[in-house]
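I have placed the structure first, in the form of structure tokens, so that the comments after it can refer back to it.
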Amino acid sequence: MSYPYQIKSLEQYHTDYKKSVDDPEAFWAAVADNFYWKKKWDKVLEWNFTEPKIEWYKGGKLNITENCIDRHLPTMAEKPAIIWEPNNPEERIRTVTYARLHKRVCQFAQVLKNNGVKKGDRVCIYMGMVPELAYAVLGCARIGAIHSVIFGGFSAQSIADRLEDAQAEFIVTCDGAYRGDKIIPLKAVIDDALIGNKLVKKVIVYTRTRMPVSMIKGRDIWWEDEMEFAEGQVEKDGVVSFPAEEMDAEDPLFILYTSGSTGKPKGVVHSVAGYMIWTAYTFVNMFQYNKGDVHFCTADIGWITGHSYIVYGPLAAGATSLMFEGIPTWPNAGRFWDIIGKHKVNILYTAPTAIRSLMSFGDAPLAGKDFSSLKVLGTVGEPINEEAWHWYNENIGNKNCPIVDTWWQTETAGTLISNLAGITPAKPGWATLPLPGVQPIIVDEKGDEITEKDEHGMLKGNLCIKAPWPGVLRTTYGDHERCRVNYFATYPNLYFTGDGAIKDENGNYKITGRVDDVLNISGHRIGTAEVENAINMHSGVVESAVVGYPHDIKGQGIYAYVIYNGHHGDENQRRQDISLTVAKIIGAIAKPDKIQFVSGLPKTRSGKIMRRILRKIAEGETENLGDSSTLLDPEVVNEIKDGKI
Ligand code: WTA
């Protein structure tokens with residue numbers, strides 16, 4: 001069964017796209033009519049990009065959890081909402097039906113209420129990939145609390161910064177998390193993050209690993225005890241209920257921190273209605289999801305991909321979402337393929353990094369696996385190289401599953417540019433066409449539209465979007481000016497993506513990567529300034545400069561040039577100390593791949609580091625490093641070049 005807002009042909013794509021641009025209000029009102037509103041909106045869209053102020057479905061009242069859960073109950077109570085595949089394949093699978101999900105979310109909403117959480121309060125969630133993470137997220141949404149999920153790979157210091165920025169008073173965590181053959185001590189990290197924190201009132205701890213944890217009286221409470229107590233409150237005579245808070249369409253749903261070109265991550269804020277419409281609409285259309293299909297998105301819910309395409313998008317569409325606790329290479333590199341066969345997965349959505357990594361194991365892990373259930377493949381998070389695309393197409397898709405290359409960002413809530421599986425044509429390495437409602441434009445440094453083709457017949461420049469789509473970010477938490485400056489001030493009246501792009505004669509877009517100082521490491525965004533700040537925290541470091549370089553598996557690697565003034569240990573020990581410092585300040589994901597010690601950095605007379613030169617050296621370029629005549633000390637470039645690792 002398909003959806004009323006599902007695009008079913010190439011022709012319909014073109015007519016829908018045109019409608020969405022000619023009359024966005026009529027178009028998005030028709031889509032929104034397929035959802036459950038406590039009260040209909042007064043005005044579909046009001047906006048300006050100067051403040052910016054963007055309001056979708058103004059005056060509308062709703063709760064996203066009623067759309068994701070309650071409204072499916074009459075027809076789908078016993079259908080699986082979430083299928084959970086544990087880290088250890090020997091452990092029991094859990095199938096969470098819509099009825100069960102409803103019960104657990106109501107229970108957890110009651111737990112939050114019992115502990116004093118109110119509408120608008122910020123709740124930080126730091127958990128492994130267990131179904132309880134989804135219950136926690138949806139429980140917050142049920143009572144109108146704003147969740148801020150933090151990926152389990154971030155350090156105590158990163159959590160402390162985010163808690164402070166969001167002024168969060170509540171935390172939901174696990175004792176520990178399983179990841180391959182490792183156990184990550186989540187609660188212990190939270191304990192460190194809370195040293196000196198005076199704001200957090202309650203920490204709810206779900207037991208996953210039953211590793212020893214400290215439990216502070218009055219502050220730390222067990223999930224299981226709380227849920228058991230709440231069960232009696234939400235269930236009467238076998239009927240489960242917990243009233244869903246009536247939310248304004250524009251009330252914030254969640255905060256998700258993401259890296260930019262400054263040293264401090266930004267709290268991207270999405271609002272209830274626009275986020276819901278955008279994730280559901282894009283989910284159904286790009287994957288061509290049909291009721292009953294099993295959708296497997298391999299992301300972690302700590303990132304936007306997991307928020308939008310494991311939890312909210314699929315559930316808003318009444319889909320079955322497969323959630324995987326483990327990693328693709330444990331117990332062996334055939335794990336994803338086993339999961340596909342075991343759960344008869346129809347849609348696989350993963351990152352190019354995972355594909356390249358699994359590709360590197362050769363054909364052996366593919367032998368004997370059953371891929372016959374697969375209908376659609378997808379990629380997200382970074383550009384996919386053609387070699388990986390073809391490998392994915394031939395070995396996993398057996399050349400008969402369309403591959404959707406979905407381009408989007410934390411700030412966009414869901415996909416903006418992608419082919420639609422089997423409906424609009426794919427082009428390897430290209431995200432292809434914009435979704436209805438999305439109006440991309442390629443501009444030059446000054447913000448003027450590029451109209452001249454380059455030598456390959458392409459338009460090439462910086463990618464912006466001309467008008468709002470329902471899922472555009474509304475603000476950055478606690479600092480609206482930061483949102484304006486970061487996204488809406490570079491070019492007047494345009495949303496600037498930070499990405500470069502090229503466009504071919506058929507209107508297809510290819511994303512060429514970030515044009516700002518943001519790195520994309522294994523599909524994860526990390527700011528160079530953030531990594532530099534962390535390196536500079538090390539007691540022996542005088543100064544550092546961080547750039548990205550091409551990495552076979554991760555897409556990009558982190559290359560750090562460091563001026564060091566200490567005398568502890570040899571170079572390798574110093575490297576390890578610096579890496580550990582970065583892991584403590586940000587998290588292991590930001591550890592540099594390469595650290596080169598230098599005596600100076602190439603700076604202009606005004607003291608600006610010439611990153612262009614450093615980038616070229618890190619990329620292995622030795623000749624054309626560009627003009628160095630403006631450098632204070634051009635000699636330093638030769639030294640750096642000679643010392644390249
Ligand atoms: C990059 C992840 C090429 C891009 C959903 C963007 C991509 C950043 C693609 C956002 C793609 C994402 N092709 N590049 N299909 N998808 N990117 O916020 O540089 O973690 O700006 O959101 O990832 O990363 P974020």
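Note on naming: chains are A, B, ... as they come in the structure tokens, residues start from 1 per chain, ligands start from 1 in the order shown.
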Review point. So which residues are near ligand 1, meaning at most 8 Å away with only C-alpha atoms and all ligand atoms counted, given back as a ChimeraX atom specification?
Key: /A:258-259,303-305,379-384,405-411,414-415,417-418,429-431,497-499,510-514,520,523-525
Output N, CA and C atoms for every residue in that selection, as a compact mmCIF listing (two decimals), in the first residue's frame.
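The new file selection20.txt reads:
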# COMPACT_ATOMS: atom_id res chain seq x y z
N THR A 258 25.69 20.26 16.49
CA THR A 258 26.48 19.89 15.32
C THR A 258 27.63 20.88 15.14
N SER A 259 28.67 20.42 14.45
CA SER A 259 29.88 21.23 14.31
C SER A 259 29.78 22.22 13.17
N TRP A 303 22.90 10.86 15.89
CA TRP A 303 23.09 11.79 14.77
C TRP A 303 21.74 12.07 14.14
N ILE A 304 21.69 13.09 13.28
CA ILE A 304 20.40 13.48 12.68
C ILE A 304 19.81 12.34 11.84
N THR A 305 20.65 11.57 11.17
CA THR A 305 20.12 10.50 10.31
C THR A 305 19.28 9.52 11.13
N THR A 379 22.36 5.89 0.38
CA THR A 379 23.57 6.36 1.04
C THR A 379 23.34 7.77 1.56
N VAL A 380 24.12 8.14 2.58
CA VAL A 380 23.95 9.44 3.23
C VAL A 380 25.23 9.85 3.94
N GLY A 381 25.40 11.16 4.08
CA GLY A 381 26.41 11.68 4.98
C GLY A 381 27.67 12.19 4.33
N GLU A 382 28.00 11.72 3.14
CA GLU A 382 29.24 12.11 2.49
C GLU A 382 29.14 11.72 1.02
N PRO A 383 29.99 12.29 0.20
CA PRO A 383 29.97 11.91 -1.21
C PRO A 383 30.33 10.44 -1.34
N ILE A 384 29.69 9.77 -2.29
CA ILE A 384 30.08 8.37 -2.55
C ILE A 384 30.90 8.32 -3.83
N ASP A 405 21.06 8.48 -3.49
CA ASP A 405 22.16 9.22 -2.87
C ASP A 405 21.54 10.47 -2.28
N THR A 406 21.36 10.45 -0.96
CA THR A 406 20.54 11.48 -0.31
C THR A 406 21.43 12.55 0.31
N TRP A 407 21.34 13.76 -0.19
CA TRP A 407 22.13 14.85 0.38
C TRP A 407 21.27 15.70 1.32
N TRP A 408 21.79 15.90 2.52
CA TRP A 408 21.10 16.76 3.49
C TRP A 408 22.01 17.04 4.66
N GLN A 409 21.50 17.71 5.67
CA GLN A 409 22.32 18.17 6.80
C GLN A 409 21.49 18.16 8.10
N THR A 410 22.17 18.22 9.22
CA THR A 410 21.48 18.32 10.51
C THR A 410 20.47 19.48 10.46
N GLU A 411 20.86 20.56 9.83
CA GLU A 411 20.03 21.76 9.79
C GLU A 411 18.80 21.62 8.90
N GLY A 414 15.79 16.68 6.98
CA GLY A 414 15.69 15.50 6.12
C GLY A 414 16.30 15.86 4.78
N THR A 415 16.16 14.91 3.86
CA THR A 415 16.82 15.04 2.56
C THR A 415 16.31 16.21 1.74
N ILE A 417 18.17 16.93 -1.51
CA ILE A 417 18.46 16.53 -2.90
C ILE A 417 18.73 15.03 -2.93
N SER A 418 17.98 14.33 -3.76
CA SER A 418 18.17 12.89 -3.92
C SER A 418 17.33 12.41 -5.07
N GLY A 429 27.43 8.83 -7.91
CA GLY A 429 28.20 9.94 -7.37
C GLY A 429 27.43 11.25 -7.34
N TRP A 430 26.21 11.23 -7.83
CA TRP A 430 25.40 12.44 -7.87
C TRP A 430 24.16 12.31 -7.00
N ALA A 431 23.84 13.38 -6.26
CA ALA A 431 22.61 13.37 -5.45
C ALA A 431 21.40 13.59 -6.37
N THR A 497 24.48 26.46 2.60
CA THR A 497 24.65 25.09 3.11
C THR A 497 26.06 24.81 3.64
N GLY A 498 27.05 25.60 3.18
CA GLY A 498 28.43 25.28 3.53
C GLY A 498 29.05 24.26 2.58
N ASP A 499 28.25 23.78 1.63
CA ASP A 499 28.74 22.79 0.66
C ASP A 499 28.98 23.42 -0.71
N LYS A 510 25.65 17.51 -7.99
CA LYS A 510 26.65 16.66 -7.33
C LYS A 510 27.26 17.50 -6.23
N ILE A 511 27.30 16.97 -5.03
CA ILE A 511 27.87 17.71 -3.90
C ILE A 511 29.36 17.43 -3.90
N THR A 512 30.17 18.49 -3.88
CA THR A 512 31.61 18.27 -3.96
C THR A 512 32.30 18.32 -2.60
N GLY A 513 31.56 18.65 -1.55
CA GLY A 513 32.15 18.68 -0.21
C GLY A 513 32.08 20.06 0.40
N ARG A 514 32.51 20.15 1.64
CA ARG A 514 32.38 21.41 2.39
C ARG A 514 33.33 22.47 1.83
N ASN A 520 34.52 16.11 7.23
CA ASN A 520 33.54 15.05 7.22
C ASN A 520 34.29 13.73 7.36
N GLY A 523 31.63 10.36 7.53
CA GLY A 523 30.25 10.86 7.51
C GLY A 523 29.88 11.66 8.75
N HIS A 524 30.82 11.91 9.65
CA HIS A 524 30.54 12.70 10.85
C HIS A 524 31.18 14.07 10.73
N ARG A 525 30.42 15.08 11.09
CA ARG A 525 30.91 16.45 10.96
C ARG A 525 31.77 16.85 12.14
Practice item. Would you list the contacts of Val404 (chain A) as an MDAnalysis selection string, taking every protein, DNA or RNA residue within 10 Å and counting only C-alpha atoms, but skipping same-chain residues closer than 6 positions in sequence? Key: chainID A and resid 286:287 349 376:380 417:422 424:428 430:432
Revision key, fill the gap. Judged by only C-alpha atoms, the minimum distance to Arg356 (chain A) among A:Asp552, A:Glu394, A:Glu11, A:Asp454 is found for A:Asp552
Practice item. Would you list, as a VMD selection string, the residues of region 93-309 of chain A that end up in strand (DSSP E or B) under DSSP run on this structure's backbone? Key: chain A and resid 94 to 97 122 to 126 146 to 149 154 170 to 174 177 to 179 182 to 184 202 to 206 220 to 222 235 to 236 239 to 240 247 to 248 252 to 258 266 to 271 294 to 297
Practice item. Find the residues near Asp121 (chain A): any atom within 9 Å, counting only C-alpha atoms, skip ones fewer than 6 places away on the same chain, and give them as a VMD selection string. Key: chain A and resid 144 to 147 167 to 170
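Distances to Met76 (chain A) were evaluated for A:Lys236, A:Ile54, A:Ala99, A:Thr298 using only C-alpha atoms, and the minimum falls at A:Ala99.
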Practice item. Please provide as number ranges by chain all residues within 12 Å of Glu530 (chain A), with the sequence filter that same-chain residues fewer than 2 positions apart are discarded (counting only C-alpha atoms). Key: A: 158, 258-266, 517-519, 525-528, 532-537, 544-547, 558, 582-583, 585-587, 590-592
Exercise for review: Please report, as an MDAnalysis selection string, each residue of region 250-466 of chain A to which DSSP assigns helix (DSSP H, G or I) when run on this structure's backbone.
Suggested key: chainID A and resid 272:287 304:316 335:343 352:359 364:366 386:396 410:412
Review point. So what do you get for CA of Asp70 (chain A) versus CA of Arg208 (chain A), distance-wise?
Key: 27.6 Å
